[in-house]
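The file structure.cif comes next; it holds mmCIF, N, CA and C atoms.
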data_run
loop_
_atom_site.label_atom_id
_atom_site.label_comp_id
_atom_site.auth_asym_id
_atom_site.auth_seq_id
_atom_site.Cartn_x
_atom_site.Cartn_y
_atom_site.Cartn_z
N MET D 15 -2.28 -41.83 -37.51
CA MET D 15 -2.91 -42.38 -36.33
C MET D 15 -3.93 -41.37 -35.80
N ASN D 16 -5.02 -41.86 -35.31
CA ASN D 16 -6.11 -41.05 -34.79
C ASN D 16 -5.64 -40.24 -33.57
N SER D 17 -5.89 -38.93 -33.57
CA SER D 17 -5.44 -38.08 -32.47
C SER D 17 -6.16 -38.41 -31.17
N ARG D 18 -7.41 -38.86 -31.26
CA ARG D 18 -8.14 -39.25 -30.06
C ARG D 18 -7.49 -40.47 -29.42
N PHE D 19 -7.06 -41.40 -30.23
CA PHE D 19 -6.37 -42.59 -29.72
C PHE D 19 -5.08 -42.18 -29.01
N LEU D 20 -4.33 -41.28 -29.62
CA LEU D 20 -3.08 -40.82 -28.99
C LEU D 20 -3.36 -40.16 -27.65
N PHE D 21 -4.41 -39.33 -27.60
CA PHE D 21 -4.77 -38.67 -26.36
C PHE D 21 -5.12 -39.70 -25.28
N LEU D 22 -5.97 -40.65 -25.64
CA LEU D 22 -6.39 -41.66 -24.67
C LEU D 22 -5.22 -42.54 -24.23
N ALA D 23 -4.30 -42.78 -25.12
CA ALA D 23 -3.12 -43.58 -24.77
C ALA D 23 -2.20 -42.81 -23.84
N PHE D 24 -2.16 -41.49 -23.97
CA PHE D 24 -1.27 -40.66 -23.17
C PHE D 24 -1.80 -40.39 -21.77
N VAL D 25 -3.11 -40.30 -21.61
CA VAL D 25 -3.73 -39.90 -20.34
C VAL D 25 -3.24 -40.73 -19.15
N PRO D 26 -3.22 -42.07 -19.22
CA PRO D 26 -2.77 -42.82 -18.04
C PRO D 26 -1.34 -42.47 -17.62
N PHE D 27 -0.46 -42.23 -18.57
CA PHE D 27 0.91 -41.87 -18.24
C PHE D 27 0.98 -40.48 -17.61
N ALA D 28 0.18 -39.57 -18.11
CA ALA D 28 0.16 -38.22 -17.54
C ALA D 28 -0.36 -38.26 -16.10
N LEU D 29 -1.42 -39.02 -15.86
CA LEU D 29 -1.96 -39.13 -14.52
C LEU D 29 -0.97 -39.78 -13.57
N LEU D 30 -0.27 -40.78 -14.04
CA LEU D 30 0.75 -41.43 -13.23
C LEU D 30 1.84 -40.43 -12.85
N GLY D 31 2.24 -39.61 -13.79
CA GLY D 31 3.26 -38.59 -13.52
C GLY D 31 2.78 -37.57 -12.50
N LEU D 32 1.53 -37.14 -12.62
CA LEU D 32 0.99 -36.19 -11.66
C LEU D 32 0.90 -36.79 -10.28
N ALA D 33 0.50 -38.03 -10.19
CA ALA D 33 0.39 -38.70 -8.89
C ALA D 33 1.75 -38.80 -8.23
N SER D 34 2.78 -39.01 -9.00
CA SER D 34 4.10 -39.16 -8.42
C SER D 34 4.63 -37.85 -7.85
N CYS D 35 4.10 -36.71 -8.29
CA CYS D 35 4.55 -35.43 -7.75
C CYS D 35 4.19 -35.30 -6.28
N ARG D 36 3.04 -35.76 -5.90
CA ARG D 36 2.56 -35.62 -4.53
C ARG D 36 2.73 -36.89 -3.71
N GLY D 37 2.75 -38.02 -4.39
CA GLY D 37 2.78 -39.29 -3.68
C GLY D 37 4.20 -39.76 -3.47
N GLY D 38 4.34 -41.06 -3.37
CA GLY D 38 5.66 -41.64 -3.18
C GLY D 38 5.98 -41.79 -1.71
N ASP D 39 7.06 -42.52 -1.46
CA ASP D 39 7.43 -42.73 -0.08
C ASP D 39 8.13 -41.50 0.48
N HIS D 40 8.17 -41.42 1.79
CA HIS D 40 8.72 -40.24 2.46
C HIS D 40 10.18 -40.02 2.14
N ALA D 41 10.96 -41.09 2.06
CA ALA D 41 12.39 -40.93 1.77
C ALA D 41 12.60 -40.28 0.41
N THR D 42 11.81 -40.66 -0.58
CA THR D 42 11.92 -40.08 -1.91
C THR D 42 11.55 -38.60 -1.88
N GLN D 43 10.48 -38.27 -1.17
CA GLN D 43 10.05 -36.87 -1.07
C GLN D 43 11.09 -36.02 -0.35
N ILE D 44 11.68 -36.56 0.71
CA ILE D 44 12.70 -35.81 1.45
C ILE D 44 13.90 -35.54 0.56
N ARG D 45 14.34 -36.55 -0.19
CA ARG D 45 15.47 -36.34 -1.11
C ARG D 45 15.14 -35.30 -2.16
N ALA D 46 13.91 -35.32 -2.65
CA ALA D 46 13.51 -34.38 -3.71
C ALA D 46 13.53 -32.94 -3.20
N ILE D 47 13.11 -32.71 -1.97
CA ILE D 47 13.09 -31.36 -1.42
C ILE D 47 14.45 -30.99 -0.86
N GLY D 48 15.13 -31.94 -0.26
CA GLY D 48 16.49 -31.72 0.21
C GLY D 48 16.63 -31.20 1.61
N GLY D 49 15.57 -31.25 2.39
CA GLY D 49 15.65 -30.76 3.77
C GLY D 49 15.55 -31.87 4.78
N ASP D 50 15.59 -31.49 6.03
CA ASP D 50 15.48 -32.44 7.14
C ASP D 50 14.19 -32.14 7.89
N PRO D 51 13.24 -33.08 7.87
CA PRO D 51 11.94 -32.80 8.51
C PRO D 51 12.04 -32.58 10.01
N ASN D 52 12.98 -33.22 10.69
CA ASN D 52 13.12 -33.00 12.13
C ASN D 52 13.60 -31.58 12.43
N ARG D 53 14.57 -31.11 11.67
CA ARG D 53 15.01 -29.72 11.84
C ARG D 53 13.89 -28.77 11.44
N GLY D 54 13.13 -29.14 10.40
CA GLY D 54 12.02 -28.30 9.95
C GLY D 54 10.97 -28.11 11.01
N LYS D 55 10.63 -29.19 11.69
CA LYS D 55 9.64 -29.13 12.77
C LYS D 55 10.13 -28.19 13.87
N ALA D 56 11.39 -28.33 14.26
CA ALA D 56 11.96 -27.47 15.29
C ALA D 56 11.99 -26.02 14.83
N SER D 57 12.32 -25.80 13.57
CA SER D 57 12.39 -24.43 13.04
C SER D 57 11.03 -23.77 12.98
N LEU D 58 10.00 -24.52 12.66
CA LEU D 58 8.65 -23.96 12.64
C LEU D 58 8.28 -23.42 14.02
N ALA D 59 8.69 -24.13 15.07
CA ALA D 59 8.44 -23.65 16.43
C ALA D 59 9.35 -22.47 16.75
N GLU D 60 10.63 -22.58 16.40
CA GLU D 60 11.62 -21.54 16.71
C GLU D 60 11.29 -20.19 16.06
N TYR D 61 10.81 -20.23 14.82
CA TYR D 61 10.51 -18.98 14.11
C TYR D 61 9.12 -18.43 14.44
N GLY D 62 8.40 -19.09 15.33
CA GLY D 62 7.12 -18.58 15.78
C GLY D 62 5.96 -18.80 14.82
N CYS D 63 6.10 -19.75 13.90
CA CYS D 63 5.03 -20.02 12.94
C CYS D 63 3.75 -20.44 13.64
N SER D 64 3.91 -21.01 14.83
CA SER D 64 2.76 -21.49 15.60
C SER D 64 1.89 -20.35 16.12
N ALA D 65 2.40 -19.13 16.13
CA ALA D 65 1.59 -18.00 16.58
C ALA D 65 0.44 -17.71 15.62
N CYS D 66 0.64 -18.05 14.34
CA CYS D 66 -0.38 -17.74 13.34
C CYS D 66 -1.01 -18.97 12.68
N HIS D 67 -0.37 -20.12 12.81
CA HIS D 67 -0.83 -21.32 12.09
C HIS D 67 -1.07 -22.50 13.03
N VAL D 68 -2.03 -23.33 12.67
CA VAL D 68 -2.18 -24.65 13.27
C VAL D 68 -1.25 -25.55 12.46
N ILE D 69 -0.33 -26.24 13.15
CA ILE D 69 0.63 -27.11 12.48
C ILE D 69 0.66 -28.43 13.24
N SER D 70 0.21 -29.49 12.61
CA SER D 70 0.21 -30.81 13.24
C SER D 70 1.61 -31.18 13.67
N GLY D 71 1.71 -31.67 14.92
CA GLY D 71 2.98 -32.14 15.42
C GLY D 71 3.84 -31.08 16.07
N VAL D 72 3.50 -29.81 15.93
CA VAL D 72 4.29 -28.73 16.53
C VAL D 72 3.54 -28.27 17.78
N THR D 73 4.15 -28.45 18.93
CA THR D 73 3.54 -28.10 20.20
C THR D 73 3.15 -26.63 20.24
N GLY D 74 1.92 -26.37 20.64
CA GLY D 74 1.43 -25.01 20.78
C GLY D 74 1.05 -24.33 19.49
N ALA D 75 1.08 -25.04 18.38
CA ALA D 75 0.76 -24.44 17.08
C ALA D 75 -0.75 -24.42 16.89
N VAL D 76 -1.38 -23.40 17.46
CA VAL D 76 -2.84 -23.30 17.42
C VAL D 76 -3.29 -21.93 16.93
N GLY D 77 -2.41 -21.18 16.27
CA GLY D 77 -2.73 -19.85 15.78
C GLY D 77 -3.85 -19.87 14.76
N ARG D 78 -4.57 -18.78 14.69
CA ARG D 78 -5.71 -18.69 13.76
C ARG D 78 -5.57 -17.53 12.77
N ALA D 79 -4.49 -16.78 12.81
CA ALA D 79 -4.33 -15.65 11.89
C ALA D 79 -4.07 -16.12 10.47
N GLY D 80 -3.31 -17.18 10.33
CA GLY D 80 -3.00 -17.75 9.01
C GLY D 80 -3.73 -19.07 8.84
N PRO D 81 -3.68 -19.62 7.63
CA PRO D 81 -4.37 -20.89 7.40
C PRO D 81 -3.70 -22.04 8.13
N PRO D 82 -4.49 -23.07 8.49
CA PRO D 82 -3.86 -24.27 9.07
C PRO D 82 -2.96 -24.91 8.01
N LEU D 83 -1.83 -25.44 8.45
CA LEU D 83 -0.88 -26.01 7.50
C LEU D 83 -1.02 -27.51 7.34
N THR D 84 -1.98 -28.10 8.04
CA THR D 84 -2.27 -29.51 7.84
C THR D 84 -2.76 -29.72 6.42
N GLY D 85 -2.15 -30.68 5.73
CA GLY D 85 -2.55 -30.98 4.36
C GLY D 85 -2.07 -29.98 3.34
N ILE D 86 -1.11 -29.13 3.68
CA ILE D 86 -0.64 -28.08 2.76
C ILE D 86 -0.09 -28.68 1.47
N ALA D 87 0.51 -29.85 1.54
CA ALA D 87 1.09 -30.46 0.33
C ALA D 87 0.03 -30.82 -0.70
N GLU D 88 -1.21 -30.95 -0.28
CA GLU D 88 -2.28 -31.34 -1.20
C GLU D 88 -3.03 -30.14 -1.79
N ARG D 89 -2.69 -28.95 -1.38
CA ARG D 89 -3.38 -27.77 -1.89
C ARG D 89 -2.80 -27.34 -3.24
N SER D 90 -3.61 -26.71 -4.04
CA SER D 90 -3.19 -26.31 -5.39
C SER D 90 -2.35 -25.05 -5.42
N TYR D 91 -2.65 -24.11 -4.52
CA TYR D 91 -1.97 -22.82 -4.54
C TYR D 91 -1.45 -22.45 -3.16
N LEU D 92 -0.42 -21.63 -3.16
CA LEU D 92 0.10 -21.03 -1.94
C LEU D 92 -0.29 -19.56 -1.94
N ALA D 93 -0.81 -19.11 -0.83
CA ALA D 93 -1.23 -17.71 -0.68
C ALA D 93 -2.24 -17.31 -1.75
N GLY D 94 -2.85 -18.29 -2.37
CA GLY D 94 -3.86 -18.02 -3.40
C GLY D 94 -3.31 -17.49 -4.70
N VAL D 95 -1.97 -17.44 -4.85
CA VAL D 95 -1.42 -16.79 -6.04
C VAL D 95 -0.38 -17.59 -6.82
N VAL D 96 0.31 -18.53 -6.19
CA VAL D 96 1.34 -19.28 -6.92
C VAL D 96 1.07 -20.78 -6.78
N PRO D 97 1.41 -21.55 -7.81
CA PRO D 97 1.23 -23.01 -7.71
C PRO D 97 1.99 -23.56 -6.50
N ASN D 98 1.39 -24.53 -5.86
CA ASN D 98 1.98 -25.14 -4.68
C ASN D 98 3.05 -26.14 -5.10
N THR D 99 4.28 -25.69 -5.05
CA THR D 99 5.45 -26.54 -5.29
C THR D 99 6.41 -26.32 -4.13
N PRO D 100 7.29 -27.29 -3.87
CA PRO D 100 8.28 -27.05 -2.81
C PRO D 100 9.10 -25.79 -3.03
N ASP D 101 9.56 -25.54 -4.25
CA ASP D 101 10.36 -24.34 -4.51
C ASP D 101 9.58 -23.06 -4.26
N ASN D 102 8.31 -23.03 -4.65
CA ASN D 102 7.50 -21.84 -4.39
C ASN D 102 7.25 -21.65 -2.90
N MET D 103 7.07 -22.75 -2.17
CA MET D 103 6.86 -22.62 -0.73
C MET D 103 8.14 -22.14 -0.04
N ILE D 104 9.28 -22.62 -0.49
CA ILE D 104 10.55 -22.15 0.07
C ILE D 104 10.67 -20.64 -0.16
N ALA D 105 10.39 -20.19 -1.38
CA ALA D 105 10.46 -18.76 -1.69
C ALA D 105 9.47 -17.97 -0.83
N TRP D 106 8.27 -18.51 -0.64
CA TRP D 106 7.24 -17.85 0.16
C TRP D 106 7.71 -17.69 1.61
N ILE D 107 8.25 -18.74 2.18
CA ILE D 107 8.71 -18.68 3.57
C ILE D 107 9.87 -17.69 3.72
N MET D 108 10.75 -17.67 2.74
CA MET D 108 11.91 -16.78 2.81
C MET D 108 11.54 -15.30 2.67
N ASN D 109 10.58 -15.02 1.78
CA ASN D 109 10.22 -13.62 1.53
C ASN D 109 8.79 -13.55 0.97
N PRO D 110 7.79 -13.64 1.85
CA PRO D 110 6.40 -13.67 1.37
C PRO D 110 6.00 -12.43 0.57
N GLN D 111 6.55 -11.27 0.91
CA GLN D 111 6.17 -10.04 0.21
C GLN D 111 6.65 -10.02 -1.25
N SER D 112 7.65 -10.82 -1.57
CA SER D 112 8.10 -10.87 -2.96
C SER D 112 7.08 -11.59 -3.84
N ILE D 113 6.22 -12.38 -3.22
CA ILE D 113 5.18 -13.11 -3.95
C ILE D 113 3.85 -12.37 -3.86
N ASN D 114 3.54 -11.85 -2.70
CA ASN D 114 2.31 -11.09 -2.50
C ASN D 114 2.61 -9.91 -1.57
N PRO D 115 2.84 -8.74 -2.13
CA PRO D 115 3.21 -7.58 -1.32
C PRO D 115 2.19 -7.20 -0.25
N ARG D 116 0.95 -7.63 -0.41
CA ARG D 116 -0.11 -7.26 0.55
C ARG D 116 -0.37 -8.32 1.61
N THR D 117 0.46 -9.36 1.65
CA THR D 117 0.23 -10.43 2.62
C THR D 117 0.45 -9.95 4.05
N ALA D 118 -0.26 -10.56 4.98
CA ALA D 118 -0.07 -10.27 6.40
C ALA D 118 1.07 -11.09 6.98
N MET D 119 1.55 -12.08 6.23
CA MET D 119 2.64 -12.92 6.74
C MET D 119 3.92 -12.09 6.82
N PRO D 120 4.54 -12.09 7.99
CA PRO D 120 5.76 -11.29 8.13
C PRO D 120 6.96 -11.95 7.46
N ASN D 121 7.91 -11.13 7.05
CA ASN D 121 9.18 -11.64 6.56
C ASN D 121 10.05 -11.88 7.78
N LEU D 122 10.33 -13.13 8.07
CA LEU D 122 11.09 -13.50 9.26
C LEU D 122 12.57 -13.73 8.96
N SER D 123 12.99 -13.38 7.75
CA SER D 123 14.39 -13.56 7.33
C SER D 123 14.85 -15.00 7.51
N VAL D 124 14.02 -15.92 7.04
CA VAL D 124 14.34 -17.35 7.14
C VAL D 124 15.35 -17.68 6.04
N PRO D 125 16.52 -18.22 6.40
CA PRO D 125 17.50 -18.63 5.39
C PRO D 125 16.97 -19.79 4.55
N GLU D 126 17.51 -19.94 3.34
CA GLU D 126 17.02 -20.97 2.43
C GLU D 126 17.10 -22.37 3.03
N GLY D 127 18.18 -22.73 3.68
CA GLY D 127 18.31 -24.07 4.25
C GLY D 127 17.25 -24.36 5.30
N VAL D 128 16.96 -23.37 6.12
CA VAL D 128 15.93 -23.52 7.15
C VAL D 128 14.56 -23.63 6.48
N ALA D 129 14.29 -22.80 5.48
CA ALA D 129 13.02 -22.86 4.76
C ALA D 129 12.86 -24.23 4.10
N ARG D 130 13.93 -24.77 3.54
CA ARG D 130 13.89 -26.09 2.91
C ARG D 130 13.55 -27.17 3.94
N ASP D 131 14.12 -27.06 5.15
CA ASP D 131 13.78 -28.00 6.22
C ASP D 131 12.31 -27.88 6.60
N MET D 132 11.81 -26.64 6.73
CA MET D 132 10.40 -26.42 7.08
C MET D 132 9.49 -27.04 6.02
N VAL D 133 9.80 -26.81 4.77
CA VAL D 133 8.97 -27.32 3.68
C VAL D 133 9.01 -28.85 3.66
N THR D 134 10.17 -29.42 3.93
CA THR D 134 10.26 -30.88 3.98
C THR D 134 9.33 -31.41 5.06
N TYR D 135 9.33 -30.80 6.23
CA TYR D 135 8.42 -31.22 7.29
C TYR D 135 6.96 -31.06 6.85
N LEU D 136 6.63 -29.91 6.30
CA LEU D 136 5.24 -29.66 5.93
C LEU D 136 4.75 -30.58 4.81
N TYR D 137 5.61 -30.90 3.87
CA TYR D 137 5.21 -31.76 2.75
C TYR D 137 5.20 -33.24 3.13
N VAL D 138 6.09 -33.63 4.02
CA VAL D 138 6.27 -35.06 4.28
C VAL D 138 5.58 -35.50 5.57
N ALA D 139 5.69 -34.73 6.63
CA ALA D 139 5.21 -35.18 7.94
C ALA D 139 3.80 -34.69 8.26
N VAL D 140 3.38 -33.57 7.72
CA VAL D 140 2.07 -33.00 8.06
C VAL D 140 1.08 -33.41 6.98
N ARG D 141 0.19 -34.28 7.33
CA ARG D 141 -0.81 -34.78 6.37
C ARG D 141 -2.20 -34.43 6.79
#
Would you write out, as structure tokens, the structure that this file holds?
Amino acid sequence: MNSRFLFLAFVPFALLGLASCRGGDHATQIRAIGGDPNRGKASLAEYGCSACHVISGVTGAVGRAGPPLTGIAERSYLAGVVPNTPDNMIAWIMNPQSINPRTAMPNLSVPEGVARDMVTYLYVAVR
């Protein structure tokens, strides 16, 4: 069979798979990440993320030291160095220096469950 034909036949399925990584309904995304977006929103405020970031839906989140987190789920990289996946974002929130030792983001000792809630909020609720 012609390899070009195989490639062309495969492309639509590959694109569908990629779209499903970012798309889908909110309930499916929440289950995939495993956190609670309501707790995540509260935790983003509690841990002071709003001091450095603009975060849609979080009162007082108008900081300019870090990047705005609106649309973070659609970005390709986190901190410019690792692919943007929920697991990488959880690791970044828990210990940013383990990913980029020169980052200005402080290590706030965020536990994994709290980081998972934050990521669920950022991926699902902040568009």
Rounded to one decimal place, report the CA of Arg130 (chain D)-CA of Ala56 (chain D) distance in Å.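 Taking CA of Arg130 (chain D) and CA of Ala56 (chain D), their separation equals 12.6 Å.
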With all atoms listed in the file as the atoms that count, which of D:Leu122, D:Leu83, D:Ala65, D:Ala129 lies nearest to Ile104 (chain D)?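 Smallest separation from Ile104 (chain D) among the options: D:Ala129.
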In file coordinates, which residues lie within 7 Å of (-0.3, -15.4, 3.4) using only N, CA and C atoms, given as a PyMOL selection string? chain D and resi 80-81+92-94+117-119
Which polymer residues have any atom within 7 Å of an atom of Gly85 (chain D), counting only N, CA and C atoms, with same-chain residues fewer than 5 positions away left out, as a ChimeraX atom specification? /D:136,140-141
Which residue is closest to Leu58 (chain D)? Choose from D:Ala46, D:Val124, D:Met132, D:Ala139 and count only N, CA and C atoms.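 The shortest atom-to-atom distance to Leu58 (chain D) comes from D:Met132.
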Could you write out as a list in words the residues that the PyMOL selection byres (((chain D and resi 74 and name CA) around 12) and name CA) matches in the shown file?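 Output from the PyMOL selection byres (((chain D and resi 74 and name CA) around 12) and name CA), applied to this file: Leu58, Ala59, Glu60, Gly62, Cys63, Ser64, Ala65, Cys66, His67, Val68, Ile69, Ser70, Gly71, Val72, Thr73, Ala75, Val76, Gly77 and Arg78 of chain D.
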Based on DSSP run over this structure's backbone, return all residues of region 29-109 of chain D in helix (DSSP H, G or I), as an NGL selection string. :D and (29-36 or 40-47 or 51-60 or 63-65 or 86-88 or 100-108)
Length of the CA of Ala79 (chain D) to CA of Ile44 (chain D) vector [Å]: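 Computing the Euclidean distance for CA of Ala79 (chain D) and CA of Ile44 (chain D) yields 28.4 Å.
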